[in-house]
There are 2 protein chains.
Amino acid sequence: MISIETIRTDVDNWLKELEFKREPRSLYTPITYSLSLGGKRLRPVMCIASCALFKDDYSQAKKAALAIEMFHNFTLLHDDVMDNSQLRRGQPTVMARWNTNTAILSGDQMLIEAYKLISDVDSPSVSLILETFNQTATEVCEGQQYDMDFEKQTDVTIAQYMEMIRLKTAVLLAASIKIGALVGGANIHDTKALYDFGINIGLAFQLQDDLLDVYGDEKVFGKPIGGDIMEGKKTYLLITALEDANSTQKKELLKWIENSDAKREEKIKEVTNLYNQIGVKEKTELKIDELMNKAMRMLIAMEISAEGKRFMADFVASLIKRNH
Amino acid sequence: MISIETIRTDVDNWLKELEFKREPRSLYTPITYSLSLGGKRLRPVMCIASCALFKDDYSQAKKAALAIEMFHNFTLLHDDVMDNSQLRRGQPTVMARWNTNTAILSGDQMLIEAYKLISDVDSPSVSLILETFNQTATEVCEGQQYDMDFEKQTDVTIAQYMEMIRLKTAVLLAASIKIGALVGGANIHDTKALYDFGINIGLAFQLQDDLLDVYGDEKVFGKPIGGDIMEGKKTYLLITALEDANSTQKKELLKWIENSDAKREEKIKEVTNLYNQIGVKEKTELKIDELMNKAMRMLIAMEISAEGKRFMADFVASLIKRNH
């Protein structure tokens with residue numbers, strides 16, 4: 001098997017090769033900027049890795065991998081407008097560097113570019129790939145809508161939260177893996193198993209992200225700790241805390257979360273103390289382990305080589321390793 | 001040949017049959033609302049009419065026609081956000097009735113729905129249809145970007161303006177006609193001729209829209225006269241006036257256009273007076289006639305039946321007839 005580092009280098013190079021030389025520059029420059037901001041390239045790397053399980057020459061999945069990364073970056077441009085986010089990966093967002101209208105329109109163009117790439121995948125499964133892409137794109141929008149709707153709701157349950165992150169986050173990772181497998185020529189059984197595997201690791205990744213926002217190392221996490229607490233964002237941690245708190249703890253927790261005048265350090269400290277009392281960290285870690293174990297059992301049941309299984313398992317484990 | 005009224009009734013019924021029953025309702029309700037606001041349905045009707053030139057059963061073009069209308073409505077949702085427009089066809093826009101975030105995200109979902117429909121067209125030409133759709137979608141975004149860029153430019157030329165409206169308006173009408181022809185099984189020669197025909201009538205329609213904003217009948221036009229003048233929008237009329245004015249007229253015209261404190265009635269009256277002095281109305285009508293004549297010559301050169309040619313010519317003439 002090829003190494004993940006090789007795949008990531010290829011993906012980075014392919015992204016650099018994508019040229020947007022058309023006019024008007026005001027439409028295309030923000031696209032190049034957005035793609036250059038980097039990131040782990042998790043989705044295209046997983047797409048290529050999944051293709052590599054079935055086919056040595058994984059370059060056939062190049063356009064699919066690029067389509068997925070383009071789509072992901074389209075969602076970032078629009079999400080940043082909807083959340084009024086000024087920074088991403090330590091750099092100004094497109095809406096901050098240019099303006100809202102640029103983020104909307106260049107984002108639209110990125111969605112169209114993603115469709116150009118995915119329509120152009122050279123595979124006998126192209127129509128199934130396009131169907132998967134369409135379905136996934138819809139689900140990502142639904143997830144974003146639920147996320148926005150939840151901001152105004154006080155009674156979000158764990159089940160509703162898990163369904164929201166399935167749609168907003170997990171399905172795109174799962175689709176990346178499924179589409180890579182389809183390009184690689186995987187059979188229906190393995191394709192489905194890899195998709196379900198992707199859903200479970202996607203959910204685990206999001207819960208880990210929720211966890212790191214409170215318990216992470218700022219240097220490793222890449223952004224200030226406690227952002228979700230400050231925004232009163234309904235994460236797995238907050239919902240679990242509210243469900244499991246006794247009445248005193250719940251009153252105290254709501255008081256802090258709803259207090260928008262509180263000093264940053266104090267608010268984060270007090271909410272974290274309550275999380276510690278309620279055992280939220282352990283409960284979240286337990287859920288992550290449960291999801292990862294489920295994913296691994298799916299991997300084991302697949303009809304791919306032992307080497308391929310080890311490759312995927314090692315890769316995923318390296319991403320979920322505790323940074324705190 | 002079937003009548004345009006029959007086609008329009010079919011298109012309206014097909015649009016009503018499109019059901020968005022999925023959750024969350026907050027994502028899908030604005031889509032149904034947007035499609036219910038009506039309008040002339042020009043693009044899907046032209047798509048179907050074009051298919052009908054080559055094939056009696058035009059229902060095969062149904063999904064293509066719906067994809068195009070869906071795409072057009074996606075652009076309206078996002079354009080309204082970018083222009084901060086509160087009203088469309090006398091009704092609140094999605095951003096006015098809900099909010100900006102809803103208009104962005106439901107708009108995104110409409111673009112995805114458009115792709116679902118166009119990917120699903122039952123035709124041997126589906127890949128060429130998808131390619132045409134992709135290219136057109138890109139050009140429409142480029143046109144919108146030029147339109148926004150022009151707001152900050154004082155020196156837009158007639159040539160630049162014509163290129164902007166070609167991209168923003170004409171290519172989608174041309175693509176509607178081309179895609180209808182492709183579904184109908186037209187040969188390459190006729191497909192290309194119909195596209196060019198569409199470009200010319202699309203340009204003519206936009207110039208007529210510019211003209212009606214100043215010289216139209218408010219009741220027929222559907223919105224208050226003089227909106228472009230009040231916004232200082234660089235229309236064919238204003239650019240022509242600035243190019244053809246003598247130095248006194250130009251100074252006077254710029255004074256009024258740049259005066260954002262002027263009373264509405266006075267500003268519209270004074271600018272219209274200057275337009276009249278410079279002969280802008282006649283110059284615009286001449287350009288519209290020139291474009292329509294070019295379109296008609298293209299129609300005449302096509303290898304379709306005389307009945308088909310008369311049908312298209314009558315339909316287009318009925319749309320461009322002077323309402324003032």
# chains A, B, ... in the order shown; residues from 1 in each chain; ligands from 1
$ closest_atom_pairs --of "chain B" --to "chain A" --cutoff "7 Å" --atoms "only C-alpha atoms" --output "Markdown table"
| residue | atom | partner | partner_atom | distance |
| --- | --- | --- | --- | --- |
| B:Pro24 | CA | A:Glu142 | CA | 6.5 |
| B:Leu27 | CA | A:Gln145 | CA | 6.3 |
| B:Met82 | CA | A:Asn101 | CA | 5.5 |
| B:Asn101 | CA | A:Met82 | CA | 5.5 |
| B:Leu105 | CA | A:Cys141 | CA | 6.7 |
| B:Gln109 | CA | A:Thr138 | CA | 6.3 |
| B:Ile112 | CA | A:Asn134 | CA | 6.7 |
| B:Lys116 | CA | A:Asn134 | CA | 6.2 |
| B:Asn134 | CA | A:Lys116 | CA | 6.3 |
| B:Ala137 | CA | A:Ile112 | CA | 6.9 |
| B:Thr138 | CA | A:Gln109 | CA | 6.3 |
| B:Cys141 | CA | A:Gln109 | CA | 6.5 |
| B:Glu142 | CA | A:Pro24 | CA | 6.5 |
| B:Gln145 | CA | A:Leu27 | CA | 6.3 |
| B:Tyr146 | CA | A:Pro24 | CA | 6.8 |
$ write_last_selection --atoms "N, CA and C atoms" --output "CSV table (one decimal), in the first residue's frame"
chain,number,residue,atom,x,y,z
B,24,PRO,N,-35.2,19.5,7.0
B,24,PRO,CA,-36.0,20.4,7.8
B,24,PRO,C,-36.8,21.3,6.9
B,27,LEU,N,-35.5,24.6,5.5
B,27,LEU,CA,-34.7,24.6,4.3
B,27,LEU,C,-35.6,24.6,3.0
B,82,MET,N,-27.4,39.7,-2.5
B,82,MET,CA,-26.3,40.6,-2.9
B,82,MET,C,-26.8,42.0,-3.2
B,101,ASN,N,-29.5,34.3,5.8
B,101,ASN,CA,-29.0,33.0,5.9
B,101,ASN,C,-29.9,32.0,5.2
B,105,LEU,N,-28.8,29.6,2.0
B,105,LEU,CA,-28.8,28.1,2.1
B,105,LEU,C,-29.9,27.4,1.3
B,109,GLN,N,-29.4,24.9,-1.9
B,109,GLN,CA,-30.1,23.7,-2.1
B,109,GLN,C,-30.8,23.7,-3.5
B,112,ILE,N,-28.4,22.7,-6.1
B,112,ILE,CA,-28.2,21.2,-6.0
B,112,ILE,C,-29.4,20.5,-6.6
B,116,LYS,N,-29.6,17.9,-9.7
B,116,LYS,CA,-30.3,16.6,-9.6
B,116,LYS,C,-31.2,16.4,-10.9
B,134,ASN,N,-23.2,23.2,-17.1
B,134,ASN,CA,-22.1,23.6,-16.3
B,134,ASN,C,-21.5,24.9,-16.8
B,137,ALA,N,-23.9,27.8,-16.1
B,137,ALA,CA,-23.9,28.2,-14.7
B,137,ALA,C,-22.7,29.1,-14.4
B,138,THR,N,-21.5,28.7,-14.9
B,138,THR,CA,-20.3,29.5,-14.7
B,138,THR,C,-20.5,30.9,-15.3
B,141,CYS,N,-22.6,33.2,-13.2
B,141,CYS,CA,-21.9,33.8,-12.0
B,141,CYS,C,-20.9,34.9,-12.5
B,142,GLU,N,-20.2,34.6,-13.6
B,142,GLU,CA,-19.3,35.6,-14.1
B,142,GLU,C,-20.1,36.9,-14.4
B,145,GLN,N,-20.9,38.8,-11.3
B,145,GLN,CA,-19.7,39.4,-10.7
B,145,GLN,C,-19.4,40.7,-11.5
B,146,TYR,N,-19.4,40.6,-12.9
B,146,TYR,CA,-19.2,41.9,-13.7
B,146,TYR,C,-20.2,42.9,-13.3
$ residues_around --residues "Gln249 in chain B" --least-positions-apart "2" --cutoff "12 Å" --atoms "only C-alpha atoms" --output "list in words"
Ala241, Leu242, Glu243, Asp244, Ala245, Asn246, Ser247, Lys251, Glu252, Leu253, Leu254, Lys255, Trp256, Glu270, Val271, Thr272, Asn273, Leu274, Tyr275, Asn276, Gln277 and Ile278 of chain B
$ atom_distance --atom1 "CA of Ala186 in chain B" --atom2 "CA of Tyr58 in chain B"
12.8 Å
$ residues_around --residues "Thr157 in chain B" --least-positions-apart "4" --cutoff "9 Å" --atoms "only C-alpha atoms" --output "PyMOL selection string"
chain B and resi 161-162+239-240+243
$ write_last_selection --atoms "all heavy atoms" --output "PDB file, in the first residue's frame"
ATOM      1  N   TYR B 161     -20.752  46.386 -21.326  1.00  0.00           N
ATOM      2  CA  TYR B 161     -22.110  46.175 -20.846  1.00  0.00           C
ATOM      3  C   TYR B 161     -22.786  45.028 -21.601  1.00  0.00           C
ATOM      4  O   TYR B 161     -23.425  44.157 -20.997  1.00  0.00           O
ATOM      5  CB  TYR B 161     -22.945  47.457 -20.987  1.00  0.00           C
ATOM      6  CG  TYR B 161     -24.355  47.284 -20.498  1.00  0.00           C
ATOM      7  CD1 TYR B 161     -24.626  47.247 -19.134  1.00  0.00           C
ATOM      8  CD2 TYR B 161     -25.413  47.117 -21.382  1.00  0.00           C
ATOM      9  CE1 TYR B 161     -25.917  47.059 -18.664  1.00  0.00           C
ATOM     10  CE2 TYR B 161     -26.705  46.926 -20.923  1.00  0.00           C
ATOM     11  CZ  TYR B 161     -26.960  46.899 -19.566  1.00  0.00           C
ATOM     12  OH  TYR B 161     -28.232  46.695 -19.105  1.00  0.00           O
ATOM     13  N   MET B 162     -22.620  45.002 -22.926  1.00  0.00           N
ATOM     14  CA  MET B 162     -23.237  43.933 -23.724  1.00  0.00           C
ATOM     15  C   MET B 162     -22.672  42.564 -23.328  1.00  0.00           C
ATOM     16  O   MET B 162     -23.405  41.571 -23.271  1.00  0.00           O
ATOM     17  CB  MET B 162     -23.024  44.181 -25.223  1.00  0.00           C
ATOM     18  CG  MET B 162     -23.734  45.418 -25.779  1.00  0.00           C
ATOM     19  SD  MET B 162     -25.524  45.465 -25.497  1.00  0.00           S
ATOM     20  CE  MET B 162     -26.099  44.188 -26.634  1.00  0.00           C
ATOM     21  N   ILE B 239     -25.392  54.298 -20.139  1.00  0.00           N
ATOM     22  CA  ILE B 239     -24.071  54.245 -20.790  1.00  0.00           C
ATOM     23  C   ILE B 239     -24.135  54.937 -22.155  1.00  0.00           C
ATOM     24  O   ILE B 239     -23.242  55.710 -22.519  1.00  0.00           O
ATOM     25  CB  ILE B 239     -23.575  52.788 -20.909  1.00  0.00           C
ATOM     26  CG1 ILE B 239     -23.448  52.164 -19.505  1.00  0.00           C
ATOM     27  CG2 ILE B 239     -22.227  52.726 -21.618  1.00  0.00           C
ATOM     28  CD1 ILE B 239     -23.227  50.669 -19.507  1.00  0.00           C
ATOM     29  N   THR B 240     -25.216  54.673 -22.907  1.00  0.00           N
ATOM     30  CA  THR B 240     -25.393  55.338 -24.198  1.00  0.00           C
ATOM     31  C   THR B 240     -25.474  56.849 -24.013  1.00  0.00           C
ATOM     32  O   THR B 240     -24.834  57.619 -24.742  1.00  0.00           O
ATOM     33  CB  THR B 240     -26.688  54.833 -24.880  1.00  0.00           C
ATOM     34  OG1 THR B 240     -26.577  53.423 -25.053  1.00  0.00           O
ATOM     35  CG2 THR B 240     -26.904  55.484 -26.243  1.00  0.00           C
ATOM     36  N   GLU B 243     -22.109  58.270 -23.269  1.00  0.00           N
ATOM     37  CA  GLU B 243     -21.217  58.236 -24.443  1.00  0.00           C
ATOM     38  C   GLU B 243     -21.601  59.307 -25.462  1.00  0.00           C
ATOM     39  O   GLU B 243     -20.738  59.891 -26.109  1.00  0.00           O
ATOM     40  CB  GLU B 243     -21.237  56.846 -25.107  1.00  0.00           C
ATOM     41  CG  GLU B 243     -20.406  55.820 -24.352  1.00  0.00           C
ATOM     42  CD  GLU B 243     -20.106  54.550 -25.170  1.00  0.00           C
ATOM     43  OE1 GLU B 243     -20.603  54.425 -26.316  1.00  0.00           O
ATOM     44  OE2 GLU B 243     -19.386  53.682 -24.646  1.00  0.00           O
TER      45      GLU B 243
END
$ select_by_dssp --residues "range 72-279 of chain A" --states "strand (DSSP E)" --output "list of chain:residue names"
A:Leu87, A:Arg88, A:Gln91, A:Pro92
$ residues_around --residues "Leu173 in chain B" --least-positions-apart "2" --cutoff "7 Å" --atoms "only C-alpha atoms" --output "list in words"
Arg43, Ala170, Val171, Ala175, Ser176, Ile177, Gly198 and Gly202 of chain B
$ write_last_selection --atoms "C-alpha atoms" --output "compact mmCIF listing (two decimals), in the first residue's frame"
# COMPACT_ATOMS: atom_id res chain seq x y z
CA ARG B 43 -36.67 29.83 -19.87
CA ALA B 170 -28.58 35.82 -22.41
CA VAL B 171 -26.59 32.58 -21.99
CA ALA B 175 -28.84 27.29 -23.06
CA SER B 176 -32.53 26.64 -22.36
CA ILE B 177 -33.21 26.62 -26.09
CA GLY B 198 -31.15 32.62 -27.96
CA GLY B 202 -31.70 37.34 -24.61
$ closest_residue --among "B:Thr191, B:Asn293, B:Asn99, B:Gln60" --to "Thr132 in chain B" --atoms "only C-alpha atoms"
B:Thr191
$ select_by_dssp --residues "range 253-302 of chain B" --states "alpha helix (DSSP H)" --output "VMD selection string"
chain B and resid 253 to 258 264 to 278 280 to 300
$ closest_residue --among "A:Val126, A:Leu37, A:Ile165, A:Ala114" --to "Asp147 in chain A" --atoms "only C-alpha atoms"
A:Ile165
$ residues_around --residues "Lys309 in chain B" --least-positions-apart "3" --cutoff "9 Å" --atoms "only C-alpha atoms" --output "number ranges by chain"
B: 53, 296, 299-300, 302, 304-306, 312-314
